[in-house]
Amino acid sequence: MRKAVTLFAALLLGALALFAQDGQKKKNSIDLEKEFFQLPDSVTNEYLDATDIPKASRINDYWIVGVHGGVSVQHGYFNPVRQVNYYVNKPVYGASITRYATMMNTFPIVGMELGFQHNFEGYNFKEYESDGNTYRQNIDGAYEAYMEVPEVFLLTHAHLDMGSFAKILIKAGMYGGYRTNITRIGPRVDGIEHEFLDTDNRWTYGVQGGLGLGFMVDPIEIHLGVQIKWGWSSFYQPDVASPYYYRYAYPLDGAVTLGLYYQLTPRRGHTRGKLRRMARQMVEEEREANNLNEHGNTSSQSR
């Protein structure tokens, strides 16, 4: 638990630093020479051959917000080892806001995503044969159990753009949630089909990562993604059967989602706020240049 809290705090501090970067950049002066292309007084063939004209404008530090939905696949891993089926649950749905930024003022490939998601956790044990008989393992009389999990996640991003209309997304971070609405299926679950026991753990947390493919027609983005969750909170207390022998049951789940997002700020090009700052800076620089010229002329006349 302490490790999870430490990692979550580190990610949160990283997110705050990333968000604060936007405010700091607004205070810095704008390099107008980079923003506007100007021809020299004398244009030669040599100059034209040596001039590198970019094919596309640079990607901004920008925000997107959106919703996603899909299906979840439960698996889990256990100590002692149990034979587990993959099981599909639905619907998975959620919403998030993402801030993309430029690393080292050179590589616009990173981001931070904060969001909410309705998901599932649980297990489904396989049947197996022994001595000609068929058996199925169970926990508290249930060989299947499924829980709804509202959760919050904080993920770092790396996005590799493939042209102007597609990008590859790589995500990694932390999640935390609360297990609700359990359903148990098994031969001895009378009275506890939809009840949590005192020995069950309700809070869940762990690491989350995934890969995705984004399609962009500004200002709309569509993301197709696959995510994997590795839970660090067992379904039940490890010493429930014996204080001398611990048993664990951790979630190991996946999900396939499709998301629709809207760019709150332009992915390419300037916002109105930046255009106003650029205009203000141009006026101030021109005013300073005029003042210098006036002082220079006054000094020449006095001589």
# chains A, B, ... in the order shown; residues from 1 in each chain; ligands from 1
>>> select_by_dssp(residues="region 38-278 of chain A", states="strand (DSSP E)", output="PyMOL selection string")
chain A and resi 63-74+77-79+87-103+107-124+127-130+133-136+144-161+166-178+180-185+203-217+220-231+248-250+252-263
>>> residues_around(residues="Phe120 (chain A)", least_positions_apart="3", cutoff="7 Å", atoms="only C-alpha atoms", output="PyMOL selection string")
chain A and resi 72+89+146-149
>>> write_last_selection(atoms="N, CA and C atoms", output="compact mmCIF listing (two decimals), in the first residue's frame")
# COMPACT_ATOMS: atom_id res chain seq x y z
N SER A 72 -14.46 -5.28 -20.95
CA SER A 72 -13.38 -5.66 -20.04
C SER A 72 -13.22 -7.18 -20.03
N ASN A 89 -16.69 -8.86 -19.57
CA ASN A 89 -17.76 -8.09 -18.94
C ASN A 89 -17.94 -6.77 -19.67
N TYR A 146 -17.96 -11.51 -9.74
CA TYR A 146 -17.71 -10.32 -10.54
C TYR A 146 -18.15 -9.09 -9.75
N MET A 147 -17.31 -8.04 -9.84
CA MET A 147 -17.57 -6.81 -9.11
C MET A 147 -17.47 -5.61 -10.05
N GLU A 148 -18.38 -4.66 -9.89
CA GLU A 148 -18.24 -3.38 -10.59
C GLU A 148 -17.24 -2.53 -9.83
N VAL A 149 -16.42 -1.79 -10.58
CA VAL A 149 -15.36 -0.99 -9.96
C VAL A 149 -15.33 0.41 -10.58
>>> residues_around(residues="Pro266 (chain A)", least_positions_apart="6", cutoff="8 Å", atoms="only C-alpha atoms", output="PDB file with C-alpha atoms, in the first residue's frame")
ATOM      1  CA  ASN A  60       1.282  22.754 -29.942  1.00  0.00           C
ATOM      2  CA  TYR A  62      -2.665  21.282 -26.286  1.00  0.00           C
ATOM      3  CA  ASP A 218      -8.915  18.500 -36.057  1.00  0.00           C
ATOM      4  CA  PRO A 219     -10.548  19.289 -33.707  1.00  0.00           C
TER       5      PRO A 219
END
>>> closest_residue(among="A:Asn79, A:Asn119, A:Thr265, A:Asn138", to="Arg184 (chain A)", atoms="only C-alpha atoms")
A:Asn138
>>> closest_residue(among="A:Gly70, A:Pro80, A:Gly141, A:Gly173", to="Lys229 (chain A)", atoms="only C-alpha atoms")
A:Gly173
>>> residues_around(residues="Trp203 (chain A)", least_positions_apart="4", cutoff="12 Å", atoms="only C-alpha atoms", output="PyMOL selection string")
chain A and resi 1+121+147-152+175-180+231-237
>>> residues_around(residues="Tyr123 (chain A)", least_positions_apart="2", cutoff="6 Å", atoms="only C-alpha atoms", output="JSON, numbers by chain")
{"A": [75, 144, 145]}
>>> residues_around(residues="Tyr77 (chain A)", least_positions_apart="2", cutoff="8 Å", atoms="only C-alpha atoms", output="compact mmCIF listing (two decimals) with all heavy atoms, in the first residue's frame")
# COMPACT_ATOMS: atom_id res chain seq x y z
N HIS A 75 -9.27 -11.88 -15.61
CA HIS A 75 -8.46 -13.10 -15.50
C HIS A 75 -8.05 -13.31 -14.04
O HIS A 75 -8.67 -14.08 -13.33
CB HIS A 75 -7.25 -13.02 -16.42
CG HIS A 75 -6.46 -14.28 -16.47
ND1 HIS A 75 -6.98 -15.46 -16.93
CD2 HIS A 75 -5.18 -14.56 -16.11
CE1 HIS A 75 -6.08 -16.42 -16.85
NE2 HIS A 75 -4.97 -15.90 -16.35
N ASN A 79 -2.46 -17.25 -5.44
CA ASN A 79 -1.53 -18.04 -4.64
C ASN A 79 -2.32 -18.65 -3.48
O ASN A 79 -2.82 -17.92 -2.63
CB ASN A 79 -0.40 -17.18 -4.09
CG ASN A 79 0.55 -17.98 -3.22
OD1 ASN A 79 0.74 -19.16 -3.42
ND2 ASN A 79 1.14 -17.31 -2.23
N VAL A 81 -1.84 -21.44 -6.76
CA VAL A 81 -2.22 -21.30 -8.16
C VAL A 81 -3.59 -21.94 -8.42
O VAL A 81 -3.89 -23.03 -7.93
CB VAL A 81 -1.16 -21.95 -9.07
CG1 VAL A 81 -1.59 -21.88 -10.53
CG2 VAL A 81 0.19 -21.27 -8.87
N ARG A 82 -4.43 -21.23 -9.18
CA ARG A 82 -5.73 -21.74 -9.59
C ARG A 82 -5.85 -21.62 -11.10
O ARG A 82 -5.26 -20.73 -11.71
CB ARG A 82 -6.86 -20.97 -8.91
CG ARG A 82 -6.88 -21.12 -7.39
CD ARG A 82 -7.93 -20.21 -6.78
NE ARG A 82 -7.94 -20.30 -5.31
CZ ARG A 82 -8.75 -21.08 -4.62
NH1 ARG A 82 -9.63 -21.85 -5.26
NH2 ARG A 82 -8.71 -21.10 -3.31
N VAL A 84 -7.74 -20.49 -14.20
CA VAL A 84 -8.68 -19.39 -14.37
C VAL A 84 -9.06 -19.23 -15.83
O VAL A 84 -8.22 -19.30 -16.73
CB VAL A 84 -8.07 -18.07 -13.84
CG1 VAL A 84 -9.11 -16.96 -13.89
CG2 VAL A 84 -7.55 -18.25 -12.42
N ALA A 249 -5.29 -13.25 -4.04
CA ALA A 249 -6.10 -13.30 -5.27
C ALA A 249 -6.12 -11.89 -5.85
O ALA A 249 -6.88 -11.02 -5.40
CB ALA A 249 -7.52 -13.76 -4.95
N TYR A 250 -5.26 -11.66 -6.84
CA TYR A 250 -5.09 -10.33 -7.40
C TYR A 250 -5.75 -10.22 -8.78
O TYR A 250 -5.69 -11.16 -9.57
CB TYR A 250 -3.60 -9.99 -7.55
CG TYR A 250 -2.87 -9.83 -6.25
CD1 TYR A 250 -2.00 -10.82 -5.80
CD2 TYR A 250 -3.05 -8.70 -5.47
CE1 TYR A 250 -1.32 -10.68 -4.61
CE2 TYR A 250 -2.37 -8.55 -4.27
CZ TYR A 250 -1.51 -9.55 -3.84
OH TYR A 250 -0.83 -9.40 -2.66
N PRO A 251 -6.35 -9.07 -9.08
CA PRO A 251 -6.90 -8.87 -10.43
C PRO A 251 -5.80 -8.67 -11.46
O PRO A 251 -4.78 -8.04 -11.20
CB PRO A 251 -7.76 -7.60 -10.28
CG PRO A 251 -7.30 -6.94 -9.03
CD PRO A 251 -6.63 -7.94 -8.18
N LEU A 252 -6.00 -9.25 -12.61
CA LEU A 252 -5.15 -9.03 -13.78
C LEU A 252 -6.11 -8.97 -14.96
O LEU A 252 -6.56 -9.99 -15.47
CB LEU A 252 -4.14 -10.16 -13.95
CG LEU A 252 -3.19 -10.04 -15.15
CD1 LEU A 252 -2.37 -8.77 -15.07
CD2 LEU A 252 -2.29 -11.26 -15.25
>>> atom_distance(atom1="CA of Arg247 (chain A)", atom2="CA of Asn133 (chain A)")
25.8 Å
>>> atom_distance(atom1="CA of Tyr205 (chain A)", atom2="CA of Gly111 (chain A)")
21.9 Å
>>> select_by_dssp(residues="region 97-300 of chain A", states="alpha helix (DSSP H)", output="list of chain:residue names")
A:Arg272, A:Gly273, A:Lys274, A:Leu275, A:Arg276, A:Arg277, A:Met278, A:Ala279, A:Arg280, A:Gln281, A:Met282, A:Val283, A:Glu284, A:Glu285, A:Glu286, A:Arg287, A:Glu288, A:Ala289, A:Asn290, A:Asn291, A:Leu292, A:Asn293, A:Glu294, A:His295, A:Gly296, A:Asn297, A:Thr298, A:Ser299, A:Ser300
